[in-house]
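A.B. asks: Enclosed is the structure file input_23.cif (mmCIF, C-alpha atoms and all ligand atoms).
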```cif
data_target
#
loop_
_atom_site.label_atom_id
_atom_site.label_comp_id
_atom_site.auth_asym_id
_atom_site.auth_seq_id
_atom_site.Cartn_x
_atom_site.Cartn_y
_atom_site.Cartn_z
CA MET A 1 -7.53 30.16 131.87
CA LYS A 2 -6.83 30.41 128.13
CA LEU A 3 -4.00 28.14 127.11
CA ILE A 4 -1.10 28.36 124.74
CA ASP A 5 -1.65 28.92 120.98
CA THR A 6 -0.80 25.92 118.83
CA PRO A 7 3.02 25.93 118.48
CA ALA A 8 4.86 25.07 115.25
CA SER A 9 7.07 22.76 117.29
CA LEU A 10 8.56 22.07 120.74
CA GLN A 11 12.32 22.53 121.02
CA GLY A 12 14.77 22.65 123.90
CA GLU A 13 15.51 20.91 127.16
CA ILE A 14 13.99 20.58 130.60
CA LEU A 15 15.57 19.70 133.90
CA VAL A 16 12.78 17.55 135.24
CA PRO A 17 11.72 18.46 138.83
CA GLY A 18 12.18 16.03 141.70
CA ASP A 19 10.21 12.81 141.97
CA LYS A 20 7.12 13.17 144.15
CA SER A 21 7.17 9.63 145.59
CA ILE A 22 10.87 9.90 146.49
CA SER A 23 10.51 13.43 147.92
CA HIS A 24 7.74 12.29 150.31
CA ARG A 25 9.80 9.32 151.44
CA SER A 26 12.97 11.38 151.94
CA VAL A 27 11.14 13.51 154.53
CA MET A 28 9.54 10.49 156.20
CA PHE A 29 12.78 8.53 156.49
CA GLY A 30 14.72 11.67 157.43
CA ALA A 31 12.21 12.35 160.21
CA ILE A 32 12.42 8.87 161.75
CA ALA A 33 16.19 8.38 161.31
CA ASN A 34 18.85 9.65 163.70
CA GLY A 35 20.81 12.67 162.53
CA ARG A 36 20.64 15.35 159.84
CA THR A 37 19.29 14.42 156.39
CA THR A 38 19.81 16.91 153.56
CA VAL A 39 17.56 16.46 150.54
CA THR A 40 18.44 18.16 147.25
CA ASN A 41 16.20 18.49 144.18
CA PHE A 42 13.25 18.06 146.56
CA LEU A 43 9.90 18.59 144.81
CA MET A 44 8.41 21.79 146.23
CA GLY A 45 4.91 20.75 145.11
CA ASP A 46 1.87 21.11 147.36
CA ASP A 47 1.73 17.38 148.19
CA CYS A 48 5.32 17.16 149.42
CA LEU A 49 4.93 20.42 151.36
CA SER A 50 1.95 18.78 153.11
CA THR A 51 4.23 15.93 154.18
CA ILE A 52 6.74 18.44 155.59
CA SER A 53 4.04 20.29 157.49
CA CYS A 54 2.69 17.06 159.06
CA PHE A 55 6.16 16.10 160.34
CA GLN A 56 6.75 19.60 161.68
CA LYS A 57 3.54 19.19 163.70
CA LEU A 58 4.97 15.88 164.93
CA GLY A 59 7.88 17.81 166.45
CA VAL A 60 10.50 17.30 163.73
CA HIS A 61 12.68 20.30 162.91
CA ILE A 62 12.62 20.71 159.11
CA ASP A 63 14.23 23.66 157.36
CA VAL A 64 12.92 24.33 153.85
CA GLN A 65 15.43 26.30 151.82
CA LYS A 66 15.26 27.44 148.20
CA ASP A 67 16.78 24.31 146.70
CA LYS A 68 16.99 21.86 149.57
CA VAL A 69 15.30 20.52 152.67
CA ILE A 70 17.17 19.77 155.90
CA ILE A 71 15.58 17.37 158.36
CA GLU A 72 16.84 16.93 161.92
CA GLY A 73 15.75 13.40 162.80
CA ASN A 74 15.67 12.11 166.38
CA GLY A 75 14.57 8.57 165.56
CA LEU A 76 11.03 7.22 165.81
CA ASP A 77 10.94 8.19 169.49
CA GLY A 78 11.60 11.80 168.49
CA LEU A 79 8.05 12.08 167.11
CA ILE A 80 5.66 13.69 169.60
CA GLU A 81 1.88 13.85 169.95
CA PRO A 82 0.67 16.66 167.65
CA LYS A 83 -1.36 19.49 169.20
CA GLU A 84 -3.15 20.12 165.92
CA VAL A 85 -4.75 17.92 163.29
CA LEU A 86 -2.39 16.71 160.57
CA ASP A 87 -3.62 18.03 157.22
CA VAL A 88 -2.42 15.97 154.24
CA GLY A 89 -4.08 18.29 151.70
CA ASN A 90 -4.57 16.41 148.42
CA SER A 91 -1.92 13.75 149.07
CA GLY A 92 -2.85 10.07 149.20
CA THR A 93 0.80 9.11 149.62
CA THR A 94 1.11 11.29 152.73
CA ILE A 95 -1.94 9.96 154.53
CA ARG A 96 -1.30 6.30 153.79
CA LEU A 97 2.43 6.19 154.55
CA LEU A 98 2.07 8.45 157.59
CA SER A 99 -0.61 6.09 158.97
CA GLY A 100 1.97 3.30 158.89
CA ILE A 101 4.45 5.40 160.86
CA LEU A 102 1.86 6.58 163.41
CA ALA A 103 0.56 3.02 163.91
CA GLY A 104 3.59 2.28 166.07
CA ARG A 105 3.70 5.56 168.06
CA GLU A 106 2.13 5.65 171.51
CA PHE A 107 0.10 8.81 171.05
CA HIS A 108 -2.99 10.12 169.35
CA ALA A 109 -3.15 11.92 166.01
CA THR A 110 -5.99 13.01 163.71
CA LEU A 111 -5.48 13.05 159.95
CA VAL A 112 -7.58 15.12 157.58
CA GLY A 113 -7.30 16.16 153.95
CA ASP A 114 -9.15 17.98 151.19
CA HIS A 115 -12.45 17.09 149.49
CA SER A 116 -10.75 14.57 147.17
CA ILE A 117 -8.90 12.81 150.03
CA GLY A 118 -12.27 12.53 151.79
CA LYS A 119 -13.46 10.21 149.00
CA ARG A 120 -10.37 7.97 148.77
CA PRO A 121 -10.41 4.51 150.40
CA MET A 122 -8.41 4.11 153.61
CA THR A 123 -9.51 0.60 154.72
CA ARG A 124 -6.71 -0.77 152.54
CA VAL A 125 -4.20 0.60 155.09
CA VAL A 126 -6.41 0.83 158.17
CA GLY A 127 -7.27 -2.92 157.96
CA PRO A 128 -3.73 -4.38 158.08
CA LEU A 129 -2.53 -1.72 160.56
CA ARG A 130 -5.40 -2.66 162.90
CA THR A 131 -4.43 -6.31 162.55
CA MET A 132 -0.93 -5.35 163.70
CA GLY A 133 -2.45 -3.70 166.80
CA ALA A 134 -2.98 -0.02 166.00
CA LYS A 135 -6.21 1.61 167.16
CA ILE A 136 -7.62 3.47 164.19
CA ASP A 137 -11.05 4.97 163.74
CA GLY A 138 -12.54 7.16 161.09
CA ARG A 139 -15.65 8.01 159.16
CA ASN A 140 -17.58 4.94 157.99
CA ASN A 141 -15.55 2.70 160.34
CA GLY A 142 -12.21 3.94 159.09
CA GLU A 143 -12.88 3.85 155.33
CA PHE A 144 -12.65 7.63 155.00
CA THR A 145 -11.07 10.69 156.63
CA PRO A 146 -10.94 12.11 159.21
CA LEU A 147 -8.84 9.28 160.61
CA SER A 148 -7.95 9.08 164.27
CA ILE A 149 -4.91 6.97 165.12
CA ARG A 150 -3.68 5.84 168.53
CA GLY A 151 -0.61 3.77 167.89
CA GLY A 152 1.28 1.44 170.19
CA SER A 153 3.00 -1.89 170.37
CA LEU A 154 2.66 -3.74 167.03
CA GLU A 155 2.75 -7.43 166.19
CA PRO A 156 4.27 -8.56 162.89
CA ILE A 157 1.98 -9.94 160.17
CA THR A 158 2.17 -11.85 156.95
CA TYR A 159 0.07 -9.86 154.54
CA GLU A 160 -0.85 -10.53 150.93
CA LEU A 161 -1.86 -7.22 149.39
CA PRO A 162 -5.35 -7.44 147.86
CA VAL A 163 -4.47 -4.59 145.45
CA ALA A 164 -1.17 -3.74 143.77
CA SER A 165 -0.43 -0.55 145.71
CA ALA A 166 2.94 0.92 146.67
CA GLN A 167 1.18 3.11 149.22
CA VAL A 168 -0.32 0.15 151.07
CA LYS A 169 2.95 -1.80 150.83
CA SER A 170 4.88 1.18 152.19
CA ALA A 171 2.45 1.84 155.05
CA ILE A 172 2.90 -1.76 156.23
CA ILE A 173 6.68 -1.53 155.84
CA PHE A 174 6.77 1.60 158.04
CA ALA A 175 4.68 -0.19 160.67
CA ALA A 176 6.79 -3.34 160.33
CA LEU A 177 9.96 -1.39 161.18
CA GLN A 178 8.36 -0.85 164.61
CA ALA A 179 6.83 -4.32 165.17
CA ASN A 180 7.93 -7.06 167.58
CA GLY A 181 9.31 -9.50 164.98
CA LYS A 182 9.46 -10.18 161.26
CA THR A 183 6.72 -8.98 158.90
CA THR A 184 6.16 -10.40 155.42
CA VAL A 185 4.39 -8.42 152.68
CA ILE A 186 3.46 -10.16 149.43
CA GLU A 187 2.61 -8.13 146.35
CA PRO A 188 0.29 -9.43 143.61
CA LEU A 189 2.28 -7.39 141.03
CA ALA A 190 5.49 -5.41 141.44
CA THR A 191 4.83 -1.77 142.38
CA ARG A 192 7.26 1.15 142.81
CA ASP A 193 10.01 0.13 145.21
CA HIS A 194 11.28 3.50 146.45
CA THR A 195 10.52 2.64 150.10
CA GLU A 196 12.56 -0.56 149.93
CA ARG A 197 15.50 1.25 148.28
CA MET A 198 15.37 4.07 150.79
CA ILE A 199 15.39 1.77 153.84
CA LYS A 200 18.72 0.44 152.63
CA ARG A 201 19.97 3.97 151.98
CA PHE A 202 19.19 4.84 155.64
CA GLY A 203 21.11 1.81 156.87
CA GLY A 204 18.08 -0.44 157.45
CA LYS A 205 17.61 -4.07 156.48
CA ILE A 206 14.95 -5.41 154.13
CA ASP A 207 14.98 -8.69 152.21
CA ILE A 208 13.17 -9.11 148.92
CA LYS A 209 12.58 -12.46 147.24
CA ASP A 210 10.37 -12.28 144.14
CA LYS A 211 7.13 -10.71 145.31
CA ALA A 212 7.76 -11.25 149.04
CA ILE A 213 9.31 -8.58 151.24
CA TYR A 214 10.64 -9.32 154.74
CA ILE A 215 11.22 -6.64 157.38
CA GLU A 216 12.56 -7.10 160.91
CA GLY A 217 10.99 -4.90 163.57
CA GLY A 218 12.90 -2.78 166.06
CA GLN A 219 15.26 -1.25 163.50
CA SER A 220 16.74 2.16 163.94
CA LEU A 221 17.81 4.16 160.90
CA THR A 222 20.66 6.59 160.33
CA ALA A 223 20.35 9.90 158.45
CA ALA A 224 21.49 9.92 154.81
CA ASP A 225 21.73 12.63 152.19
CA ILE A 226 19.36 12.22 149.28
CA HIS A 227 19.51 13.70 145.81
CA VAL A 228 16.03 13.21 144.35
CA PRO A 229 15.94 12.10 140.69
CA GLY A 230 13.57 13.86 138.28
CA ASP A 231 10.00 12.56 138.23
CA ILE A 232 9.24 10.35 135.23
CA SER A 233 5.54 10.97 135.92
CA SER A 234 6.18 14.69 135.30
CA ALA A 235 8.50 14.02 132.34
CA ALA A 236 5.65 11.96 130.83
CA PHE A 237 3.75 15.11 129.84
CA PHE A 238 6.71 16.26 127.72
CA LEU A 239 7.43 12.78 126.37
CA VAL A 240 3.91 12.82 124.95
CA ALA A 241 3.86 16.51 123.97
CA ALA A 242 7.05 16.20 121.91
CA SER A 243 5.79 12.95 120.31
CA ILE A 244 2.58 14.59 119.04
CA VAL A 245 3.47 18.23 118.28
CA PRO A 246 4.98 18.32 114.73
CA ASN A 247 8.74 18.78 114.17
CA SER A 248 9.64 18.58 117.86
CA ARG A 249 12.81 17.55 119.65
CA VAL A 250 13.04 17.80 123.44
CA LEU A 251 15.75 16.66 125.82
CA LEU A 252 14.51 15.68 129.29
CA LYS A 253 17.38 15.70 131.76
CA ASN A 254 17.74 13.91 135.07
CA VAL A 255 14.77 11.55 134.72
CA GLY A 256 14.37 8.80 137.33
CA LEU A 257 14.46 5.45 135.48
CA ASN A 258 13.56 3.04 138.26
CA PRO A 259 12.26 -0.03 136.37
CA THR A 260 9.10 -0.06 138.52
CA ARG A 261 8.23 3.34 137.02
CA THR A 262 9.22 3.12 133.36
CA GLY A 263 6.06 1.53 131.91
CA ILE A 264 5.46 4.63 129.81
CA MET A 265 8.79 4.13 128.02
CA ASP A 266 7.69 0.64 126.97
CA VAL A 267 4.33 1.95 125.77
CA LEU A 268 5.97 4.77 123.79
CA LYS A 269 8.33 2.28 122.13
CA ASN A 270 5.46 -0.14 121.36
CA MET A 271 3.53 2.69 119.73
CA GLY A 272 6.49 3.65 117.54
CA ALA A 273 7.61 6.81 119.36
CA SER A 274 11.15 8.12 118.97
CA VAL A 275 12.70 8.03 122.45
CA GLU A 276 16.40 7.62 123.18
CA ILE A 277 17.69 7.06 126.69
CA SER A 278 21.19 7.79 127.84
CA GLN A 279 21.61 6.27 131.26
CA ASN A 280 23.79 8.34 133.57
CA GLU A 281 26.65 6.66 135.36
CA SER A 282 25.94 7.17 139.03
CA GLU A 283 26.28 5.77 142.48
CA LEU A 284 22.74 6.82 143.24
CA PHE A 285 20.28 4.53 144.97
CA GLU A 286 17.87 5.15 142.07
CA PRO A 287 18.80 4.93 138.35
CA VAL A 288 18.69 8.23 136.42
CA GLY A 289 19.14 9.19 132.77
CA ASP A 290 18.41 11.72 130.02
CA ILE A 291 15.73 11.12 127.39
CA THR A 292 15.56 12.66 123.91
CA VAL A 293 12.13 12.54 122.32
CA ARG A 294 11.17 13.49 118.77
CA THR A 295 7.86 13.69 116.90
CA SER A 296 6.84 10.38 115.34
CA ASN A 297 4.03 8.44 113.72
CA LEU A 298 2.26 6.38 116.33
CA THR A 299 0.13 3.25 116.25
CA GLY A 300 -2.39 2.02 118.81
CA THR A 301 -1.52 -0.63 121.39
CA VAL A 302 -2.92 -2.74 124.23
CA ILE A 303 -1.89 -1.83 127.79
CA GLU A 304 -2.79 -4.40 130.44
CA GLY A 305 -1.59 -6.71 133.23
CA ASP A 306 1.64 -6.25 135.13
CA ILE A 307 2.68 -3.06 133.32
CA ILE A 308 -0.27 -1.15 134.85
CA PRO A 309 1.37 -0.34 138.25
CA LYS A 310 4.48 0.81 136.35
CA LEU A 311 2.50 3.55 134.58
CA ILE A 312 -0.60 4.03 136.71
CA ASP A 313 -0.22 7.83 137.01
CA GLU A 314 0.64 8.20 133.31
CA ILE A 315 -2.64 6.77 131.99
CA PRO A 316 -4.33 10.18 131.54
CA ILE A 317 -1.50 11.43 129.30
CA ILE A 318 -1.21 8.05 127.54
CA ALA A 319 -4.92 8.40 126.68
CA LEU A 320 -4.17 11.71 124.95
CA LEU A 321 -1.23 10.09 123.11
CA ALA A 322 -3.58 7.36 121.90
CA THR A 323 -5.96 9.92 120.36
CA GLN A 324 -3.09 10.84 118.00
CA ALA A 325 -2.12 7.27 117.03
CA SER A 326 -3.49 5.36 114.09
CA GLY A 327 -5.70 2.47 115.16
CA THR A 328 -7.18 1.58 118.50
CA THR A 329 -5.59 1.62 121.95
CA VAL A 330 -7.11 -0.49 124.72
CA ILE A 331 -6.28 0.07 128.40
CA LYS A 332 -7.36 -2.75 130.74
CA ASP A 333 -6.81 -3.86 134.36
CA ALA A 334 -6.68 -0.25 135.56
CA HIS A 335 -9.55 -0.26 138.13
CA GLU A 336 -7.26 1.60 140.52
CA LEU A 337 -7.73 4.74 138.39
CA LYS A 338 -11.18 5.04 139.96
CA VAL A 339 -9.72 5.85 143.40
CA LYS A 340 -7.14 8.48 142.54
CA GLU A 341 -7.56 12.27 142.98
CA THR A 342 -10.62 11.84 140.75
CA ASN A 343 -12.12 8.79 139.08
CA ARG A 344 -9.54 9.04 136.31
CA ILE A 345 -11.43 6.73 133.95
CA ASP A 346 -14.42 9.07 134.05
CA THR A 347 -12.55 12.38 134.07
CA VAL A 348 -10.18 11.44 131.23
CA VAL A 349 -13.02 10.15 129.06
CA GLN A 350 -15.34 13.05 129.83
CA GLU A 351 -12.77 15.79 129.17
CA LEU A 352 -11.26 14.21 126.05
CA GLN A 353 -14.76 13.67 124.62
CA LYS A 354 -15.32 17.43 125.03
CA LEU A 355 -12.36 17.93 122.65
CA GLY A 356 -13.89 15.52 120.11
CA ALA A 357 -11.82 12.42 120.90
CA ASP A 358 -13.22 8.98 120.14
CA ILE A 359 -12.82 7.47 123.61
CA VAL A 360 -15.10 5.32 125.75
CA ALA A 361 -14.85 4.15 129.33
CA THR A 362 -14.84 0.46 130.23
CA ASP A 363 -15.12 -1.08 133.68
CA ASP A 364 -11.33 -1.29 134.10
CA GLY A 365 -9.94 1.21 131.62
CA MET A 366 -10.78 2.79 128.28
CA VAL A 367 -10.82 2.25 124.52
CA ILE A 368 -9.47 5.02 122.31
CA LYS A 369 -9.77 5.17 118.52
CA GLY A 370 -6.97 7.41 117.28
CA GLY A 371 -6.77 9.78 114.36
CA THR A 372 -9.65 12.11 115.23
CA PRO A 373 -8.53 15.77 115.22
CA LEU A 374 -9.13 17.53 118.55
CA SER A 375 -10.86 20.89 118.76
CA GLY A 376 -10.84 23.45 121.57
CA ASN A 377 -13.50 23.70 124.28
CA VAL A 378 -13.87 24.65 127.92
CA VAL A 379 -12.40 21.77 129.93
CA ASN A 380 -11.80 21.20 133.63
CA SER A 381 -9.06 19.55 135.71
CA HIS A 382 -11.69 18.56 138.32
CA GLY A 383 -8.99 19.50 140.84
CA ASP A 384 -6.78 16.66 139.58
CA HIS A 385 -3.23 17.76 138.69
CA ARG A 386 -2.65 14.99 136.16
CA ILE A 387 -5.92 15.71 134.33
CA GLY A 388 -4.98 19.42 134.27
CA MET A 389 -1.55 18.76 132.73
CA MET A 390 -2.97 16.29 130.20
CA LEU A 391 -5.47 18.92 129.05
CA ALA A 392 -2.75 21.59 128.86
CA VAL A 393 -0.77 19.30 126.54
CA ALA A 394 -3.96 18.71 124.51
CA SER A 395 -4.20 22.48 123.98
CA LEU A 396 -0.94 22.28 121.96
CA ILE A 397 -2.61 20.21 119.25
CA CYS A 398 -6.23 21.45 119.38
CA GLU A 399 -7.79 23.49 116.64
CA GLY A 400 -9.28 26.62 118.19
CA GLU A 401 -9.18 27.79 121.76
CA LEU A 402 -8.97 25.51 124.79
CA THR A 403 -9.84 26.99 128.17
CA LEU A 404 -8.74 25.03 131.23
CA GLU A 405 -10.69 25.53 134.43
CA ASN A 406 -9.13 24.72 137.81
CA ALA A 407 -5.61 24.77 136.36
CA GLU A 408 -4.16 25.62 139.79
CA ALA A 409 -4.41 21.92 140.79
CA ILE A 410 -1.23 21.38 138.74
CA SER A 411 0.91 22.77 141.59
CA VAL A 412 0.25 19.54 143.52
CA SER A 413 3.03 17.80 141.59
CA TYR A 414 4.53 20.29 139.10
CA PRO A 415 4.51 23.96 140.16
CA THR A 416 6.78 25.01 137.25
CA PHE A 417 4.82 23.11 134.60
CA PHE A 418 3.57 26.10 132.56
CA GLU A 419 6.97 27.78 132.70
CA HIS A 420 8.57 24.62 131.31
CA LEU A 421 5.89 24.14 128.66
CA THR A 422 5.94 27.69 127.32
CA GLY A 423 9.77 27.61 127.34
CA LEU A 424 9.65 24.85 124.70
CA THR A 425 7.04 26.28 122.32
CA GLN A 426 8.33 27.67 119.00
CA ASN A 427 6.16 29.65 116.61
O1 LIG B 501 3.65 5.16 146.65
C1 LIG B 501 3.55 6.18 145.97
O2 LIG B 501 4.33 7.16 146.09
C2 LIG B 501 2.47 6.24 144.97
C3 LIG B 501 1.81 5.09 144.60
C4 LIG B 501 0.70 5.06 143.64
O3 LIG B 501 -0.51 4.95 144.36
P1 LIG B 501 -1.14 3.51 144.83
O4 LIG B 501 -0.20 2.89 145.76
O5 LIG B 501 -2.44 3.86 145.48
O6 LIG B 501 -1.32 2.74 143.56
C5 LIG B 501 0.64 6.31 142.79
O7 LIG B 501 -0.57 6.37 142.08
C6 LIG B 501 0.83 7.55 143.61
O8 LIG B 501 0.86 8.69 142.77
C7 LIG B 501 2.14 7.54 144.35
C1 LIG B 502 -2.34 9.42 142.68
C2 LIG B 502 -1.44 10.38 142.89
O1 LIG B 502 -0.97 10.80 144.12
P1 LIG B 502 -1.47 10.50 145.60
O2 LIG B 502 -2.06 9.12 145.63
O3 LIG B 502 -0.28 10.66 146.46
O4 LIG B 502 -2.51 11.55 145.92
C3 LIG B 502 -0.78 11.04 141.73
O5 LIG B 502 0.17 11.80 141.97
O6 LIG B 502 -1.18 10.85 140.56
#
```
For this file, write the structure as structure tokens.
Ligand SMILES: O=C(O)C1=C[C@@H](OP(=O)(O)O)[C@@H](O)[C@H](O)C1
Ligand SMILES: C=C(OP(=O)(O)O)C(=O)O
C.D. replies:
Amino acid sequence: MKLIDTPASLQGEILVPGDKSISHRSVMFGAIANGRTTVTNFLMGDDCLSTISCFQKLGVHIDVQKDKVIIEGNGLDGLIEPKEVLDVGNSGTTIRLLSGILAGREFHATLVGDHSIGKRPMTRVVGPLRTMGAKIDGRNNGEFTPLSIRGGSLEPITYELPVASAQVKSAIIFAALQANGKTTVIEPLATRDHTERMIKRFGGKIDIKDKAIYIEGGQSLTAADIHVPGDISSAAFFLVAASIVPNSRVLLKNVGLNPTRTGIMDVLKNMGASVEISQNESELFEPVGDITVRTSNLTGTVIEGDIIPKLIDEIPIIALLATQASGTTVIKDAHELKVKETNRIDTVVQELQKLGADIVATDDGMVIKGGTPLSGNVVNSHGDHRIGMMLAVASLICEGELTLENAEAISVSYPTFFEHLTGLTQN
């Protein structure tokens, strides 16, 4: 598709759509709790709809309305053996967290996904879940889909995560809730803690001391209403767009500001961006606020170490930001980018090079020399929603025409993205 003509500025406000990670978890916890859970501001993106469809096949009654989702949970024992395969579509979060839930259920289920899911590593969850006692098989000894899970009685484990991954942590926590005793999970670096917060919200018990998490097995959870905060990973595209399109001012409302997710705010500030946060007063289980962002002069920075999990999904759009900064930006310690929807080191570098950016891949990240003007070309999302949105934002500052192929991938996490973007453009 041909994208938007270069705007004179971006002006206006956006009510940021619901957080993807929290939307997935609200369905999962709602499904295994007892009682009716109502979720508002649920993200109606393809990934979260895949989670709903999997739980419907597991016998959970879920009513999807225009602006909310109602889940009738009957506890873990309310889940039944599915007659059909469970299709997670493009969603890594769905397959990994669902594996943790199914590990403790005494029935058989087969999990499949799309072409991209078929290339993403599953041993990271299959390994510890097998150690706890689940019977899991799959292609290449369980490394890839299709996965076949026959759950059952689980023993607790003490598990040090070999990679900083909220998906692996959460899969083990879901299994631990069903185990015969106390499980300990130790993280190498702090990752998003939505699962831990939501257990408490559903009346469960979880203890956290530094990087160690302790979960007692045999817990039963009680339904809770959830209002999902806006997704900072979606807001990120507008934080960057308004920073680099001249004369812009954009207000992003209802942005989730969980400190395990706000790495991009630190990077923006380090690079000299103009971002103002007004934290909302709320009783919510997740912090939320509004962010005003204005165009600014940016300088390069180094992004590495323990901030990486706090901005892992924002690296594609941060790479675009860096092309507009003076000086060099270096991104390190981001090997995990290689096992996302695409190899995001390769796809970011390849597509931004097509626009004339000075960017090279390294083994664990990329090096970007800023200040090179970008010019239009035919680019491709490679079926990766975050690459698609990054390239759509690039079209705002490119000279000439940018054509984005496979733009439909964007509906995985942000179905109203183009509506929101064109609503801000001023000519
Ligand atoms: O737990 C989650 O909701 C997610 C965790 C991250 O993945 P990893 O745990 O694989 O790093 C992130 O990239 C993904 O978009 C969502
Ligand atoms: C990596 C992502 O999601 P998932 O792992 O759930 O597919 C993402 O949304 O950028």
A.B. asks: Enumerate, in order of chain and increasing residue number, the residues of chain A with an atom no farther than 6 Å from ligand LIG 502 (chain B), each with its shortest atom pair and distance in Å to one decimal, counting all atoms listed in the file, as a tab-separated table.
C.D. replies:
```
residue	atom	partner	partner_atom	distance
A:Asn90	CA	B:LIG502	O4	5.8
A:Ser91	CA	B:LIG502	O4	3.9
A:Gly92	CA	B:LIG502	O4	3.6
A:Thr93	CA	B:LIG502	O3	3.7
A:Asp313	CA	B:LIG502	O6	4.8
A:Lys340	CA	B:LIG502	C1	4.9
A:Glu341	CA	B:LIG502	O4	5.9
```
A.B. asks: Quick one: distance from CA of Asn141 in chain A to CA of Arg120 in chain A in Å, one decimal?
C.D. replies: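 Spanning CA of Asn141 in chain A to CA of Arg120 in chain A is a straight-line distance of 13.7 Å.
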A.B. asks: Could you name the residues that touch Gln324 in chain A at 6 Å or less, counting all atoms listed in the file, but leaving out those on the same chain fewer than 2 positions away, as a VMD selection string?
C.D. replies: chain A and resid 321 to 322 370 to 371
A.B. asks: Taking (-11.9, 29.5, 119.3) in the file's coordinates, which residues come within 9 Å, counting only C-alpha atoms, written as a list in words?
C.D. replies: Ser375, Gly376, Asn377, Glu399, Gly400, Glu401 and Leu402 of chain A
A.B. asks: What is the CA of His382 in chain A-CA of Asp46 in chain A distance in Å, reported with one decimal?
C.D. replies: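 Computed distance, CA of His382 in chain A to CA of Asp46 in chain A, equals 16.5 Å.
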A.B. asks: Distance CA of Ile14 in chain A-CA of Tyr414 in chain A, one decimal place?
C.D. replies: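 So the answer is 12.7 Å.
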A.B. asks: When distances are computed from only C-alpha atoms and all ligand atoms, which of A:Asn180, A:Asn254, A:Ser413, A:Ser148 shows the smallest separation from ligand LIG 501 (chain B)?
C.D. replies: A:Ser413
A.B. asks: I need the residue nearest ligand LIG 501 (chain B) from this list: A:Met44, A:Ala175, A:Leu374, A:Ile22. Use all atoms listed in the file for the distance.
C.D. replies: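 Among the listed residues, A:Ile22 lies closest to ligand LIG 501 (chain B).
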A.B. asks: Which one is closest to ligand LIG 501 (chain B): A:Pro259, A:Gly133, A:Pro121, A:Gly388? Count all atoms listed in the file.
C.D. replies: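 Ranked by minimum distance to ligand LIG 501 (chain B), first place goes to A:Pro121.
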A.B. asks: Which residues are near ligand LIG 501 (chain B) in this structure, taking near to mean any atom at most 8 Å from a ligand atom and counting all atoms listed in the file? Format them as a list of chain:residue names.
C.D. replies: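 For ligand LIG 501 (chain B), the residues inside 8 Å are A:Lys20, A:Ser21, A:Ile22, A:His24, A:Arg25, A:Gly92, A:Thr93, A:Ala164, A:Ser165, A:Ala166, A:Gln167, A:Val168, A:Lys169, A:Ser170, A:Thr191, A:Arg192, A:His194, A:Pro309, A:Ile312, A:Asp313, A:Glu336, A:Val339, A:Lys340.
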A.B. asks: Select all residues near (6.7, 14.3, 157.3) (cut-off 9 Å, inclusive, file coordinates), counting all atoms listed in the file, and output them as a VMD selection string.
C.D. replies: chain A and resid 24 to 31 48 to 58 60 62 94 98
A.B. asks: Give me the range 262-356 of chain A side of the contact with range 360-366 of chain A, cut-off 9 Å, one line per residue showing its nearest atom pair and distance in Å at one decimal, counting only C-alpha atoms, sorted by chain and residue number, as JSON lines.
C.D. replies:
```
{"residue": "A:Ala319", "atom": "CA", "partner": "A:Met366", "partner_atom": "CA", "distance": 8.3}
{"residue": "A:Thr329", "atom": "CA", "partner": "A:Met366", "partner_atom": "CA", "distance": 8.3}
{"residue": "A:Val330", "atom": "CA", "partner": "A:Met366", "partner_atom": "CA", "distance": 6.1}
{"residue": "A:Ile331", "atom": "CA", "partner": "A:Gly365", "partner_atom": "CA", "distance": 5.0}
{"residue": "A:Lys332", "atom": "CA", "partner": "A:Gly365", "partner_atom": "CA", "distance": 4.8}
{"residue": "A:Asp333", "atom": "CA", "partner": "A:Asp364", "partner_atom": "CA", "distance": 5.2}
{"residue": "A:Ala334", "atom": "CA", "partner": "A:Asp364", "partner_atom": "CA", "distance": 5.0}
{"residue": "A:His335", "atom": "CA", "partner": "A:Asp364", "partner_atom": "CA", "distance": 4.5}
{"residue": "A:Glu336", "atom": "CA", "partner": "A:Asp364", "partner_atom": "CA", "distance": 8.1}
{"residue": "A:Leu337", "atom": "CA", "partner": "A:Gly365", "partner_atom": "CA", "distance": 7.9}
{"residue": "A:Lys338", "atom": "CA", "partner": "A:Asp364", "partner_atom": "CA", "distance": 8.6}
{"residue": "A:Ile345", "atom": "CA", "partner": "A:Gly365", "partner_atom": "CA", "distance": 6.2}
{"residue": "A:Asp346", "atom": "CA", "partner": "A:Ala361", "partner_atom": "CA", "distance": 6.8}
{"residue": "A:Val348", "atom": "CA", "partner": "A:Ala361", "partner_atom": "CA", "distance": 8.9}
{"residue": "A:Val349", "atom": "CA", "partner": "A:Val360", "partner_atom": "CA", "distance": 6.2}
{"residue": "A:Gln350", "atom": "CA", "partner": "A:Val360", "partner_atom": "CA", "distance": 8.7}
{"residue": "A:Gln353", "atom": "CA", "partner": "A:Val360", "partner_atom": "CA", "distance": 8.4}
```
A.B. asks: With distances taken over all atoms listed in the file, which of A:Ile277, A:Ala8, A:Leu352, A:Ile291 is nearest to Pro246 in chain A?
C.D. replies: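 Checking each candidate against Pro246 in chain A, we get A:Ala8 as the closest.
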A.B. asks: Quick one: everything within 9 Å of range 233-238 of chain A, counting all atoms listed in the file, minus sequence neighbours fewer than 6 positions away in the same chain. Send it as a PyMOL selection string.
C.D. replies: chain A and resi 14+16-20+250+252+255+261+264-265+293+311+313-314+317-318+386+389-390+393+413-414+417+421
A.B. asks: Quick one: of A:Glu13, A:Glu81, A:Leu396, A:Leu111, who's nearest to Asp290 in chain A, counting only C-alpha atoms?
C.D. replies: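 For Asp290 in chain A, the nearest of the candidates is A:Glu13.
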